[in-house]
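Right, one structure below, let's go through it.
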Amino acid sequence: MSLYAIGDLHLHFQSELKAPGQLHGRAWKNHEEKFRKNCARMITAEDTLLLLGDHSWGRSLAECGMDLQYIRDLPGRKILTRGNHDMFWDAKKTRQLNEQFGPELTFLQDSYETYGEYALVGTKGYTFEGPFYLDRRGRIAGWDEQAEEHAKKLVSRELTRLRTSFELARKDGYRKFIMLLHYPPTNILERSSGFTDMAEEYGAEQVIYAHCHGETRFHDSILGDFHGIRYSLASGDFLGWKPMKVLEQQGASGPI
Ligand SMILES: [Fe+2]
Ligand SMILES: [Fe+2]
């Protein structure tokens, strides 16, 4: 019994592909089939798979039916968090999604799920991604300040959601946390952020994020240990469509 994570399946069984790079990039060739086979080989019915956003290119639930069915057919318990491309998932309608697709799929938002003695706490997150202005040597010389102001509001909203989730878990007695984000916890200008601060405040053991695609973006944020917390990127193309093992099962279950 183990806990696995991956993000950014970017399925499009019945919707238009909005990122042409995905069609031609080597990493994305038959990725749905590669991932399905890897899951069949690695994951059992007793395992849990965390899917960290950007599930589907569909613009509405009607355009995501086959994509969600594909996820449903994967082995194990599936817990989904929101990505920036998940237009089918209005945060306010999370309960309806859980009613419609549960118990096989769990949509995690403003709440927490459990794995043994761990609380799994997650939100989409947000990072300012520019536009950045470069000087002649290609160094960042400035950025769009209006866009940065807007980003600050989104970050603040996501931090509130994350705190709500941590507090709910803590109230129920959980003291061990795995923190999930879709966006990386820091952008290319930052060494730390409200998200890393919150992970430290609640004593999360791991922070797992996705969203970064392609060799040039894989190192945009923290990888490895930072202030005693392990940070991992789990975007599908980074992992080569092999789910990342987060935890082996511990003995105890429930809060400690
Ligand atoms: Fe993505
Ligand atoms: Fe994304």
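Ordering of the structure tokens sets the chain letters (A, B, ...); residue numbers start at 1 within each chain; ligands are numbered from 1 in the order shown.
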Self-check item: Polymer residues at most 10 Å from Val155 (chain A), only C-alpha atoms, same-chain spacing of 5 or more positions, as a PyMOL selection string
Solution: chain A and resi 124-128+150+160-161+193-195
Writing out the chosen residues with N, CA and C atoms as a PDB file, in the first residue's frame:
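And here's result32.pdb as it stands now:
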ATOM      1  N   LYS A 124      -4.709  24.871  -5.535  1.00  0.00           N
ATOM      2  CA  LYS A 124      -4.063  25.132  -6.834  1.00  0.00           C
ATOM      3  C   LYS A 124      -2.770  25.939  -6.684  1.00  0.00           C
ATOM      4  N   GLY A 125      -2.784  26.856  -5.729  1.00  0.00           N
ATOM      5  CA  GLY A 125      -1.623  27.746  -5.585  1.00  0.00           C
ATOM      6  C   GLY A 125      -1.590  28.794  -6.687  1.00  0.00           C
ATOM      7  N   TYR A 126      -0.575  29.595  -6.698  1.00  0.00           N
ATOM      8  CA  TYR A 126      -0.374  30.561  -7.788  1.00  0.00           C
ATOM      9  C   TYR A 126       1.033  31.119  -7.704  1.00  0.00           C
ATOM     10  N   THR A 127       1.629  31.362  -8.871  1.00  0.00           N
ATOM     11  CA  THR A 127       2.904  32.082  -8.896  1.00  0.00           C
ATOM     12  C   THR A 127       2.854  33.083 -10.041  1.00  0.00           C
ATOM     13  N   PHE A 128       3.473  34.217  -9.841  1.00  0.00           N
ATOM     14  CA  PHE A 128       3.574  35.238 -10.887  1.00  0.00           C
ATOM     15  C   PHE A 128       4.553  34.743 -11.949  1.00  0.00           C
ATOM     16  N   HIS A 150      -2.032  41.804  -9.667  1.00  0.00           N
ATOM     17  CA  HIS A 150      -3.133  40.846  -9.804  1.00  0.00           C
ATOM     18  C   HIS A 150      -2.720  39.484  -9.215  1.00  0.00           C
ATOM     19  N   THR A 160      -5.325  31.533   1.648  1.00  0.00           N
ATOM     20  CA  THR A 160      -6.468  31.412   2.561  1.00  0.00           C
ATOM     21  C   THR A 160      -7.071  30.013   2.454  1.00  0.00           C
ATOM     22  N   ARG A 161      -7.216  29.538   1.219  1.00  0.00           N
ATOM     23  CA  ARG A 161      -7.771  28.191   1.008  1.00  0.00           C
ATOM     24  C   ARG A 161      -6.894  27.116   1.649  1.00  0.00           C
ATOM     25  N   SER A 193       8.298  31.859  -0.250  1.00  0.00           N
ATOM     26  CA  SER A 193       7.016  32.493  -0.570  1.00  0.00           C
ATOM     27  C   SER A 193       6.037  32.233   0.559  1.00  0.00           C
ATOM     28  N   GLY A 194       4.830  32.755   0.441  1.00  0.00           N
ATOM     29  CA  GLY A 194       3.780  32.459   1.411  1.00  0.00           C
ATOM     30  C   GLY A 194       3.510  30.962   1.485  1.00  0.00           C
ATOM     31  N   PHE A 195       3.710  30.260   0.373  1.00  0.00           N
ATOM     32  CA  PHE A 195       3.452  28.814   0.359  1.00  0.00           C
ATOM     33  C   PHE A 195       4.543  28.055   1.115  1.00  0.00           C
TER      34      PHE A 195
END
Can you pull out every residue within 12 Å of Ile140 (chain A), counting only C-alpha atoms, but drop anything in the same chain fewer than 3 positions away, and send it as a compact mmCIF listing (two decimals) with N, CA and C atoms, in the first residue's frame?
# COMPACT_ATOMS: atom_id res chain seq x y z
N GLY A 130 5.19 36.45 -14.96
CA GLY A 130 5.53 37.49 -15.91
C GLY A 130 4.30 38.15 -16.49
N PRO A 131 4.42 38.91 -17.59
CA PRO A 131 5.62 38.97 -18.44
C PRO A 131 6.81 39.64 -17.75
N PHE A 132 7.99 39.03 -17.99
CA PHE A 132 9.26 39.59 -17.54
C PHE A 132 9.92 40.31 -18.71
N TYR A 133 10.61 41.41 -18.43
CA TYR A 133 11.34 42.14 -19.47
C TYR A 133 12.83 41.83 -19.30
N LEU A 134 13.48 41.49 -20.40
CA LEU A 134 14.88 41.08 -20.34
C LEU A 134 15.79 42.17 -20.90
N ASP A 135 17.00 42.25 -20.38
CA ASP A 135 17.98 43.17 -20.98
C ASP A 135 18.69 42.46 -22.14
N ARG A 136 19.67 43.13 -22.72
CA ARG A 136 20.30 42.58 -23.93
C ARG A 136 21.04 41.26 -23.67
N ARG A 137 21.40 41.05 -22.40
CA ARG A 137 22.07 39.80 -22.05
C ARG A 137 21.10 38.70 -21.63
N TRP A 143 9.41 43.71 -14.88
CA TRP A 143 8.24 42.87 -15.16
C TRP A 143 6.99 43.73 -15.15
N ASP A 144 5.92 43.14 -15.63
CA ASP A 144 4.64 43.84 -15.70
C ASP A 144 4.09 44.01 -14.28
N ILE A 188 10.38 32.25 -10.41
CA ILE A 188 11.82 32.32 -10.69
C ILE A 188 12.51 33.49 -9.99
N LEU A 189 11.73 34.41 -9.43
CA LEU A 189 12.34 35.55 -8.71
C LEU A 189 12.48 35.27 -7.22
Q) Do you know which residues are at most 12 Å from Glu201 (chain A) counting only C-alpha atoms, after dropping those on the same chain fewer than 2 positions away, and could you put them as a list in words? A)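 Here the answer would be Leu162, Arg163, Phe166, Glu167, Arg175, Phe177, Met179, Gly194, Phe195, Thr196, Asp197, Met198, Ala199, Gly203, Ala204, Glu205, His227, Gly228 and Ile229 of chain A.
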Test item: residues lying within 7 Å of ligand 1 with only C-alpha atoms and all ligand atoms, as an mmCIF file with N, CA and C atoms, in the first residue's frame:
data_model
loop_
_atom_site.group_PDB
_atom_site.id
_atom_site.type_symbol
_atom_site.label_atom_id
_atom_site.label_comp_id
_atom_site.auth_asym_id
_atom_site.auth_seq_id
_atom_site.Cartn_x
_atom_site.Cartn_y
_atom_site.Cartn_z
ATOM 1 N N ASP A 8 -0.654 17.025 -14.342
ATOM 2 C CA ASP A 8 -0.605 17.480 -15.737
ATOM 3 C C ASP A 8 -0.800 16.373 -16.763
ATOM 4 N N HIS A 10 -3.193 16.462 -18.824
ATOM 5 C CA HIS A 10 -3.616 17.234 -20.014
ATOM 6 C C HIS A 10 -4.287 16.342 -21.050
ATOM 7 N N ASP A 54 -4.473 20.162 -13.936
ATOM 8 C CA ASP A 54 -4.371 20.130 -15.401
ATOM 9 C C ASP A 54 -4.699 18.721 -15.897
ATOM 10 N N HIS A 211 2.796 21.551 -12.905
ATOM 11 C CA HIS A 211 2.655 22.738 -13.759
ATOM 12 C C HIS A 211 3.873 23.063 -14.629
ATOM 13 N N CYS A 212 5.077 22.726 -14.219
ATOM 14 C CA CYS A 212 6.278 23.108 -14.974
ATOM 15 C C CYS A 212 6.524 22.069 -16.068
ATOM 16 N N HIS A 213 6.483 22.525 -17.310
ATOM 17 C CA HIS A 213 6.650 21.629 -18.460
ATOM 18 C C HIS A 213 7.904 21.965 -19.251
#
At a cut-off of 12 Å and counting only C-alpha atoms and all ligand atoms, what residues surround ligand 2? Please answer as number ranges by chain. A: 7-10, 19, 52-57, 81-87, 124-127, 129, 181-184, 209-213, 217, 234-236
